[in-house]
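Next comes protein-v3.cif, with mmCIF, C-alpha atoms.
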data_model
loop_
_atom_site.group_PDB
_atom_site.id
_atom_site.type_symbol
_atom_site.label_atom_id
_atom_site.label_comp_id
_atom_site.auth_asym_id
_atom_site.auth_seq_id
_atom_site.Cartn_x
_atom_site.Cartn_y
_atom_site.Cartn_z
ATOM 1 C CA GLU A 143 10.905 -3.020 -42.011
ATOM 2 C CA ALA A 144 13.000 -5.233 -44.223
ATOM 3 C CA GLY A 145 13.735 -3.964 -47.689
ATOM 4 C CA PRO A 146 12.914 -5.848 -50.889
ATOM 5 C CA SER A 147 14.920 -8.993 -51.460
ATOM 6 C CA ARG A 148 17.614 -8.860 -54.108
ATOM 7 C CA ALA A 149 16.460 -10.357 -57.387
ATOM 8 C CA GLU A 150 18.289 -13.409 -58.636
ATOM 9 C CA PRO A 151 20.495 -12.753 -61.683
ATOM 10 C CA PRO A 152 19.086 -14.056 -64.955
ATOM 11 C CA PRO A 153 20.321 -17.472 -66.125
ATOM 12 C CA HIS A 154 23.216 -17.707 -68.528
ATOM 13 C CA PRO A 155 21.776 -17.387 -72.062
ATOM 14 C CA TYR A 156 23.516 -20.590 -73.212
ATOM 15 C CA ARG A 157 22.828 -22.707 -70.130
ATOM 16 C CA SER A 158 19.538 -24.171 -71.338
ATOM 17 C CA ALA A 159 21.063 -25.397 -74.629
ATOM 18 C CA VAL A 160 24.094 -26.906 -72.877
ATOM 19 C CA THR A 161 21.855 -28.542 -70.272
ATOM 20 C CA GLU A 162 19.619 -30.108 -72.901
ATOM 21 C CA LEU A 163 22.564 -31.484 -74.873
ATOM 22 C CA ALA A 164 24.211 -32.914 -71.758
ATOM 23 C CA SER A 165 20.895 -34.425 -70.645
ATOM 24 C CA GLN A 166 20.449 -36.231 -73.963
ATOM 25 C CA LEU A 167 23.940 -37.723 -73.799
ATOM 26 C CA LEU A 168 23.516 -38.801 -70.185
ATOM 27 C CA ARG A 169 20.093 -40.333 -70.789
ATOM 28 C CA SER A 170 21.538 -42.416 -73.589
ATOM 29 C CA LEU A 171 24.520 -43.509 -71.472
ATOM 30 C CA THR A 172 22.567 -44.408 -68.341
ATOM 31 C CA SER A 173 19.865 -46.219 -70.318
ATOM 32 C CA ARG A 174 22.453 -48.281 -72.173
ATOM 33 C CA CYS A 175 24.343 -49.233 -69.019
ATOM 34 C CA LEU A 176 21.520 -49.648 -66.495
ATOM 35 C CA ASP A 177 19.350 -51.687 -68.855
ATOM 36 C CA ARG A 178 22.136 -54.284 -68.798
ATOM 37 C CA PRO A 179 23.359 -54.272 -65.185
ATOM 38 C CA ASP A 180 24.730 -57.808 -65.474
ATOM 39 C CA ASP A 181 26.861 -56.832 -68.471
ATOM 40 C CA ALA A 182 30.345 -56.239 -67.033
ATOM 41 C CA ASP A 183 31.378 -54.003 -69.951
ATOM 42 C CA ALA A 184 28.292 -51.776 -69.675
ATOM 43 C CA LYS A 185 28.642 -51.539 -65.894
ATOM 44 C CA GLY A 186 32.346 -50.761 -66.183
ATOM 45 C CA LEU A 187 31.680 -48.038 -68.758
ATOM 46 C CA LEU A 188 29.323 -46.157 -66.437
ATOM 47 C CA GLU A 189 31.562 -46.630 -63.408
ATOM 48 C CA GLU A 190 34.606 -45.390 -65.327
ATOM 49 C CA PHE A 191 32.658 -42.380 -66.613
ATOM 50 C CA VAL A 192 31.661 -41.383 -63.088
ATOM 51 C CA ARG A 193 35.207 -41.957 -61.826
ATOM 52 C CA ASP A 194 36.674 -39.705 -64.538
ATOM 53 C CA LEU A 195 33.994 -37.101 -63.953
ATOM 54 C CA LEU A 196 34.804 -36.933 -60.241
ATOM 55 C CA LEU A 197 38.503 -36.523 -61.034
ATOM 56 C CA LEU A 198 37.613 -33.493 -63.159
ATOM 57 C CA LEU A 199 35.340 -31.942 -60.536
ATOM 58 C CA GLY A 200 36.692 -28.524 -59.612
ATOM 59 C CA ARG A 201 39.361 -28.525 -62.329
ATOM 60 C CA PRO A 202 39.393 -25.652 -64.847
ATOM 61 C CA GLU A 203 39.909 -28.083 -67.729
ATOM 62 C CA TRP A 204 36.243 -29.066 -67.582
ATOM 63 C CA PRO A 205 34.054 -26.331 -66.062
ATOM 64 C CA ALA A 206 30.901 -28.283 -66.996
ATOM 65 C CA ALA A 207 31.685 -31.096 -64.538
ATOM 66 C CA PRO A 208 29.359 -29.793 -61.762
ATOM 67 C CA LEU A 209 26.482 -29.442 -64.220
ATOM 68 C CA VAL A 210 27.024 -32.953 -65.628
ATOM 69 C CA LEU A 211 27.206 -34.421 -62.115
ATOM 70 C CA THR A 212 23.968 -32.696 -61.144
ATOM 71 C CA LEU A 213 22.147 -34.003 -64.216
ATOM 72 C CA LEU A 214 23.579 -37.506 -63.792
ATOM 73 C CA SER A 215 22.533 -37.621 -60.130
ATOM 74 C CA LYS A 216 18.965 -36.678 -61.070
ATOM 75 C CA LEU A 217 18.857 -39.393 -63.713
ATOM 76 C CA LEU A 218 20.147 -42.014 -61.284
ATOM 77 C CA CYS A 219 17.553 -41.017 -58.675
ATOM 78 C CA ARG A 220 14.759 -41.167 -61.233
ATOM 79 C CA ARG A 221 16.033 -44.507 -62.480
ATOM 80 C CA MET A 222 15.955 -45.918 -58.947
ATOM 81 C CA GLU A 223 12.340 -44.804 -58.527
ATOM 82 C CA ARG A 224 11.287 -46.242 -61.886
ATOM 83 C CA LYS A 225 13.142 -49.491 -61.268
ATOM 84 C CA ALA A 226 11.394 -49.860 -57.910
ATOM 85 C CA GLU A 227 7.979 -49.536 -59.561
ATOM 86 C CA VAL A 228 8.865 -51.961 -62.362
ATOM 87 C CA ALA A 229 10.291 -54.432 -59.870
ATOM 88 C CA VAL A 230 6.994 -54.560 -57.976
ATOM 89 C CA SER A 231 4.987 -55.281 -61.140
ATOM 90 C CA ARG A 232 7.422 -57.951 -62.266
ATOM 91 C CA ARG A 233 7.499 -59.595 -58.858
ATOM 92 C CA ASP A 234 3.815 -60.260 -59.309
ATOM 93 C CA SER A 235 4.592 -62.151 -62.525
ATOM 94 C CA LYS A 236 7.308 -64.117 -60.683
ATOM 95 C CA ASP A 237 9.926 -63.160 -63.207
ATOM 96 C CA ALA A 238 12.968 -63.995 -61.067
ATOM 97 C CA LYS A 239 15.529 -63.056 -63.732
ATOM 98 C CA ALA A 240 13.974 -59.643 -64.338
ATOM 99 C CA GLU A 241 13.824 -59.032 -60.595
ATOM 100 C CA ARG A 242 17.533 -59.763 -60.205
ATOM 101 C CA GLU A 243 18.344 -57.365 -63.045
ATOM 102 C CA GLU A 244 16.264 -54.630 -61.443
ATOM 103 C CA GLN A 245 17.959 -55.077 -58.094
ATOM 104 C CA ALA A 246 21.398 -54.997 -59.730
ATOM 105 C CA ALA A 247 20.547 -51.785 -61.572
ATOM 106 C CA ARG A 248 19.267 -50.138 -58.386
ATOM 107 C CA LEU A 249 22.358 -51.185 -56.431
ATOM 108 C CA LEU A 250 24.630 -49.800 -59.156
ATOM 109 C CA SER A 251 22.709 -46.508 -59.173
ATOM 110 C CA LEU A 252 22.913 -46.293 -55.386
ATOM 111 C CA ASP A 253 26.651 -47.021 -55.391
ATOM 112 C CA LEU A 254 27.321 -44.338 -58.009
ATOM 113 C CA LEU A 255 25.210 -41.805 -56.139
ATOM 114 C CA GLY A 256 27.205 -42.543 -52.991
ATOM 115 C CA GLN A 257 30.473 -41.880 -54.815
ATOM 116 C CA ILE A 258 29.146 -38.609 -56.234
ATOM 117 C CA LEU A 259 27.826 -37.379 -52.886
ATOM 118 C CA ALA A 260 31.090 -38.250 -51.115
ATOM 119 C CA ALA A 261 33.063 -36.234 -53.674
ATOM 120 C CA VAL A 262 30.666 -33.282 -53.436
ATOM 121 C CA VAL A 263 30.910 -33.255 -49.627
ATOM 122 C CA ALA A 264 34.714 -33.256 -49.879
ATOM 123 C CA GLN A 265 34.597 -30.340 -52.357
ATOM 124 C CA ARG A 266 32.246 -28.365 -50.129
ATOM 125 C CA LYS A 267 34.610 -28.850 -47.197
ATOM 126 C CA LEU A 268 37.528 -27.562 -49.264
ATOM 127 C CA HIS A 269 35.532 -24.489 -50.268
ATOM 128 C CA ALA A 270 34.462 -23.897 -46.670
ATOM 129 C CA ASP A 271 38.052 -24.171 -45.420
ATOM 130 C CA ALA A 272 39.489 -21.937 -48.169
ATOM 131 C CA PRO A 273 36.659 -19.948 -49.785
ATOM 132 C CA LEU A 274 37.171 -17.899 -52.930
ATOM 133 C CA THR A 275 36.949 -14.237 -51.922
ATOM 134 C CA PHE A 276 36.860 -10.919 -53.756
ATOM 135 C CA PRO A 277 38.122 -8.329 -51.229
ATOM 136 C CA ASP A 278 37.036 -4.717 -51.470
ATOM 137 C CA ASP A 279 39.430 -1.793 -51.608
ATOM 138 C CA LYS A 280 40.274 -0.439 -48.182
ATOM 139 C CA ASP A 281 39.216 3.225 -48.091
ATOM 140 C CA GLU A 282 41.269 4.589 -45.213
ATOM 141 C CA VAL A 283 44.890 3.463 -45.176
ATOM 142 C CA ASP A 284 47.691 4.308 -42.783
ATOM 143 C CA GLU A 285 50.853 3.970 -44.854
ATOM 144 C CA ALA A 286 52.971 3.768 -41.689
ATOM 145 C CA ALA A 287 50.874 1.016 -40.112
ATOM 146 C CA GLN A 288 52.489 -2.149 -38.795
ATOM 147 C CA PRO A 289 50.940 -5.629 -38.602
ATOM 148 C CA THR A 290 50.692 -5.346 -34.809
ATOM 149 C CA ASP A 291 48.710 -2.075 -34.881
ATOM 150 C CA ALA A 292 45.073 -2.038 -33.836
ATOM 151 C CA GLY A 293 42.686 -2.545 -36.721
ATOM 152 C CA GLU A 294 45.255 -4.251 -38.960
ATOM 153 C CA ASP A 295 44.472 -7.689 -40.408
ATOM 154 C CA ALA A 296 47.609 -9.827 -40.070
ATOM 155 C CA THR A 297 46.014 -13.279 -40.337
ATOM 156 C CA CYS A 298 47.894 -14.229 -43.545
ATOM 157 C CA VAL A 299 46.847 -17.264 -45.584
ATOM 158 C CA CYS A 300 48.344 -19.579 -42.974
ATOM 159 C CA GLY A 301 46.185 -18.162 -40.200
ATOM 160 C CA ARG A 302 49.106 -17.832 -37.760
ATOM 161 C CA GLY A 303 49.148 -14.051 -37.538
ATOM 162 C CA TYR A 304 52.192 -11.959 -36.713
ATOM 163 C CA ASP A 305 55.075 -14.094 -35.445
ATOM 164 C CA GLY A 306 57.885 -11.549 -35.416
ATOM 165 C CA GLY A 307 59.010 -12.290 -38.969
ATOM 166 C CA PHE A 308 58.883 -10.259 -42.153
ATOM 167 C CA MET A 309 55.384 -9.403 -43.386
ATOM 168 C CA LEU A 310 54.064 -7.271 -46.243
ATOM 169 C CA ASP A 311 50.607 -5.907 -46.839
ATOM 170 C CA CYS A 312 48.495 -6.056 -49.974
ATOM 171 C CA ASP A 313 48.201 -2.673 -51.707
ATOM 172 C CA ARG A 314 44.496 -3.218 -52.316
ATOM 173 C CA CYS A 315 42.893 -4.901 -49.300
ATOM 174 C CA HIS A 316 45.882 -4.134 -46.996
ATOM 175 C CA ARG A 317 45.832 -7.513 -45.332
ATOM 176 C CA TRP A 318 49.242 -8.594 -44.030
ATOM 177 C CA PHE A 319 51.029 -11.738 -45.215
ATOM 178 C CA HIS A 320 54.194 -13.514 -44.161
ATOM 179 C CA GLY A 321 56.848 -13.106 -46.810
ATOM 180 C CA SER A 322 57.671 -16.803 -46.565
ATOM 181 C CA CYS A 323 54.022 -17.706 -47.244
ATOM 182 C CA VAL A 324 53.841 -15.668 -50.469
ATOM 183 C CA GLY A 325 57.362 -16.341 -51.722
ATOM 184 C CA ILE A 326 58.948 -12.968 -50.983
ATOM 185 C CA GLU A 327 62.000 -12.702 -48.739
ATOM 186 C CA ALA A 328 62.936 -9.605 -46.746
ATOM 187 C CA GLN A 329 66.538 -9.787 -48.008
ATOM 188 C CA GLU A 330 65.560 -9.382 -51.655
ATOM 189 C CA ASP A 331 67.111 -6.323 -53.280
ATOM 190 C CA ASP A 332 64.137 -5.820 -55.574
ATOM 191 C CA LEU A 333 61.204 -5.879 -53.180
ATOM 192 C CA PRO A 334 58.118 -4.933 -55.195
ATOM 193 C CA SER A 335 57.002 -1.319 -54.819
ATOM 194 C CA GLU A 336 53.425 -2.534 -55.327
ATOM 195 C CA TRP A 337 52.134 -5.965 -54.381
ATOM 196 C CA PHE A 338 48.693 -7.586 -54.456
ATOM 197 C CA CYS A 339 47.603 -10.780 -52.722
ATOM 198 C CA GLU A 340 46.151 -13.609 -54.798
ATOM 199 C CA SER A 341 42.562 -12.723 -53.906
ATOM 200 C CA CYS A 342 43.049 -9.103 -54.982
ATOM 201 C CA GLN A 343 44.851 -10.184 -58.145
ATOM 202 C CA LEU A 344 41.750 -12.194 -58.959
ATOM 203 C CA SER A 345 39.468 -9.282 -58.087
ATOM 204 C CA ARG A 346 41.432 -6.966 -60.382
ATOM 205 C CA ALA A 347 41.381 -9.559 -63.161
ATOM 206 C CA VAL A 348 37.627 -10.042 -62.752
ATOM 207 C CA THR A 349 37.032 -6.289 -62.987
ATOM 208 C CA LYS A 350 39.196 -6.021 -66.107
ATOM 209 C CA GLN A 351 37.574 -9.062 -67.742
ATOM 210 C CA ARG A 352 34.088 -7.772 -66.945
ATOM 211 C CA THR A 353 34.937 -4.498 -68.723
ATOM 212 C CA THR A 354 36.288 -6.421 -71.716
ATOM 213 C CA ILE A 355 33.181 -8.627 -71.965
ATOM 214 C CA SER A 356 30.870 -5.629 -71.697
ATOM 215 C CA ARG A 357 32.774 -3.847 -74.493
ATOM 216 C CA LEU A 358 32.668 -6.915 -76.743
ATOM 217 C CA LEU A 359 28.937 -7.286 -76.117
ATOM 218 C CA SER A 360 28.451 -3.658 -77.120
ATOM 219 C CA LEU A 361 30.286 -4.298 -80.405
ATOM 220 C CA ALA A 362 28.178 -7.392 -81.048
ATOM 221 C CA GLU A 363 25.025 -5.341 -80.548
ATOM 222 C CA GLY A 364 26.063 -2.879 -83.241
ATOM 223 C CA GLY A 365 27.314 -0.291 -80.793
ATOM 224 C CA GLY A 366 23.933 0.146 -79.151
ATOM 225 C CA GLY A 367 24.951 -1.759 -76.060
ATOM 226 C CA PRO A 368 23.609 -5.040 -74.652
ATOM 227 C CA SER A 369 20.610 -5.270 -72.379
ATOM 228 C CA GLU A 370 21.180 -4.963 -68.662
ATOM 229 C CA GLU A 371 19.986 -8.563 -68.185
ATOM 230 C CA THR A 372 22.565 -9.878 -70.654
ATOM 231 C CA VAL A 373 25.380 -7.971 -68.987
ATOM 232 C CA ASP A 374 24.304 -9.241 -65.560
ATOM 233 C CA ALA A 375 24.246 -12.837 -66.817
ATOM 234 C CA LEU A 376 27.564 -12.800 -68.664
ATOM 235 C CA CYS A 377 29.487 -10.444 -66.382
ATOM 236 C CA SER A 378 28.745 -11.940 -62.958
ATOM 237 C CA GLU A 379 31.755 -12.812 -60.828
ATOM 238 C CA GLU A 380 31.066 -16.521 -61.414
ATOM 239 C CA GLU A 381 30.886 -16.278 -65.202
ATOM 240 C CA VAL A 382 33.850 -13.899 -65.460
ATOM 241 C CA THR A 383 35.942 -16.199 -63.263
ATOM 242 C CA LYS A 384 35.087 -19.099 -65.586
ATOM 243 C CA GLN A 385 36.228 -17.013 -68.550
ATOM 244 C CA LEU A 386 39.498 -16.213 -66.784
ATOM 245 C CA LEU A 387 40.094 -19.939 -66.282
ATOM 246 C CA LEU A 388 39.420 -20.571 -69.957
ATOM 247 C CA ASN A 389 41.807 -17.746 -70.887
ATOM 248 C CA PHE A 390 44.463 -19.355 -68.691
ATOM 249 C CA LEU A 391 43.943 -22.768 -70.297
ATOM 250 C CA GLU A 392 44.104 -21.283 -73.787
ATOM 251 C CA ALA A 393 47.327 -19.441 -72.967
ATOM 252 C CA SER A 394 48.821 -22.563 -71.369
ATOM 253 C CA SER A 395 48.016 -24.748 -74.363
ATOM 254 C CA ALA A 396 49.628 -22.206 -76.699
ATOM 255 C CA GLU A 397 52.925 -22.252 -74.816
ATOM 256 C CA PRO A 398 55.578 -24.458 -76.422
ATOM 257 C CA ALA A 399 56.528 -27.577 -74.502
ATOM 258 C CA GLY A 400 59.630 -27.053 -72.382
#
As a first step, turn the structure in this file into structure tokens.
Amino acid sequence: EAGPSRAEPPPHPYRSAVTELASQLLRSLTSRCLDRPDDADAKGLLEEFVRDLLLLLGRPEWPAAPLVLTLLSKLLCRRMERKAEVAVSRRDSKDAKAEREEQAARLLSLDLLGQILAAVVAQRKLHADAPLTFPDDKDEVDEAAQPTDAGEDATCVCGRGYDGGFMLDCDRCHRWFHGSCVGIEAQEDDLPSEWFCESCQLSRAVTKQRTTISRLLSLAEGGGGPSEETVDALCSEEEVTKQLLLNFLEASSAEPAG
């Protein structure tokens, strides 16, 4: 008998406010531009906005890009439906000019939706080809193991596997990597005594950041500790990874220009 399904984590406590604010801005923008589809400036403004938004998709500089794209896509779909209904009523009144405007607005909405969907499909393919992973610690470790031994994972990030060259294993997940793929040469005099792959570096950073967030939440609650729902929402791997990206951006912006 199947056990109970895992409950979905609660939504981020600030998501509803951010969503409402973004929705108001997007409604104003799309209404202004789609109500004047023959206006080259208004059309260009919306097209340029979508183009810039797609350039930011997946970049840490603007983590809200996926949310804005989702909201914009919904507005464009709703606008196409509403325009279709209005177009039918106006066709009965033989308003040729209004009909042309409606068709232009629907075509613009359809074109923008096509651009958004194409970019999303490309992003999904990138994530499928190189997914973000959080490896677990390997419990049983043979310190004398070699990449060719049975049970060892020597796939590396390149996927080639062992090719006779120098490889080193991560001290957390114990997956093997080519030295040339991770920038470490066998001839180096100062080979690291401890080394972690990028995925395990991220896992360790996520664990550390989650502890920091939980401690700060406890201080904010007067020492009594936050609710379990709040910790789950703000300390999920997704939210903590976002915070790590923001920390990186803040540190990068504080560095003096070279």
query = Please, what distance in Å, to one decimal, runs between CA of Leu168 in chain A and CA of Leu218 in chain A?
reply = 10.0 Å
task = Give me, please, the distance in Å between CA of Asp281 in chain A and CA of Cys298 in chain A, quoted to one decimal.
result = 20.0 Å
ask   = Applied to the shown file, which residues does the PyMOL selection byres ((chain A and resi 334-351) around 12) return, written as JSON, numbers by chain?
value = {"A": [272, 273, 274, 275, 276, 277, 278, 279, 280, 298, 299, 309, 310, 311, 312, 313, 314, 315, 316, 317, 318, 319, 320, 321, 323, 324, 325, 326, 327, 328, 330, 331, 332, 333, 352, 353, 354, 355, 356, 357, 358, 376, 377, 378, 379, 380, 381, 382, 383, 384, 385, 386, 387, 388, 389, 390]}
Residues from last step as file, C-alpha atoms, as a tab-separated table (two decimals), keeping the file's coordinate frame:
chain	number	residue	atom	x	y	z
A	272	ALA	CA	39.49	-21.94	-48.17
A	273	PRO	CA	36.66	-19.95	-49.78
A	274	LEU	CA	37.17	-17.90	-52.93
A	275	THR	CA	36.95	-14.24	-51.92
A	276	PHE	CA	36.86	-10.92	-53.76
A	277	PRO	CA	38.12	-8.33	-51.23
A	278	ASP	CA	37.04	-4.72	-51.47
A	279	ASP	CA	39.43	-1.79	-51.61
A	280	LYS	CA	40.27	-0.44	-48.18
A	298	CYS	CA	47.89	-14.23	-43.54
A	299	VAL	CA	46.85	-17.26	-45.58
A	309	MET	CA	55.38	-9.40	-43.39
A	310	LEU	CA	54.06	-7.27	-46.24
A	311	ASP	CA	50.61	-5.91	-46.84
A	312	CYS	CA	48.50	-6.06	-49.97
A	313	ASP	CA	48.20	-2.67	-51.71
A	314	ARG	CA	44.50	-3.22	-52.32
A	315	CYS	CA	42.89	-4.90	-49.30
A	316	HIS	CA	45.88	-4.13	-47.00
A	317	ARG	CA	45.83	-7.51	-45.33
A	318	TRP	CA	49.24	-8.59	-44.03
A	319	PHE	CA	51.03	-11.74	-45.22
A	320	HIS	CA	54.19	-13.51	-44.16
A	321	GLY	CA	56.85	-13.11	-46.81
A	323	CYS	CA	54.02	-17.71	-47.24
A	324	VAL	CA	53.84	-15.67	-50.47
A	325	GLY	CA	57.36	-16.34	-51.72
A	326	ILE	CA	58.95	-12.97	-50.98
A	327	GLU	CA	62.00	-12.70	-48.74
A	328	ALA	CA	62.94	-9.60	-46.75
A	330	GLU	CA	65.56	-9.38	-51.66
A	331	ASP	CA	67.11	-6.32	-53.28
A	332	ASP	CA	64.14	-5.82	-55.57
A	333	LEU	CA	61.20	-5.88	-53.18
A	352	ARG	CA	34.09	-7.77	-66.94
A	353	THR	CA	34.94	-4.50	-68.72
A	354	THR	CA	36.29	-6.42	-71.72
A	355	ILE	CA	33.18	-8.63	-71.96
A	356	SER	CA	30.87	-5.63	-71.70
A	357	ARG	CA	32.77	-3.85	-74.49
A	358	LEU	CA	32.67	-6.92	-76.74
A	376	LEU	CA	27.56	-12.80	-68.66
A	377	CYS	CA	29.49	-10.44	-66.38
A	378	SER	CA	28.74	-11.94	-62.96
A	379	GLU	CA	31.76	-12.81	-60.83
A	380	GLU	CA	31.07	-16.52	-61.41
A	381	GLU	CA	30.89	-16.28	-65.20
A	382	VAL	CA	33.85	-13.90	-65.46
A	383	THR	CA	35.94	-16.20	-63.26
A	384	LYS	CA	35.09	-19.10	-65.59
A	385	GLN	CA	36.23	-17.01	-68.55
A	386	LEU	CA	39.50	-16.21	-66.78
A	387	LEU	CA	40.09	-19.94	-66.28
A	388	LEU	CA	39.42	-20.57	-69.96
A	389	ASN	CA	41.81	-17.75	-70.89
A	390	PHE	CA	44.46	-19.36	-68.69
ask   = Interatomic distance between CA of Gln265 in chain A and CA of Ala207 in chain A?
value = 12.5 Å
Edge lengths and centre, in Å to one decimal, as lines of an AutoDock Vina configuration file: that's what I need for the box along x, y and z that holds all listed atoms of range 300-316 of chain A plus 3 Å on each side.
center_x = 51.0
center_y = -11.1
center_z = -43.9
size_x = 22.1
size_y = 22.9
size_z = 22.9
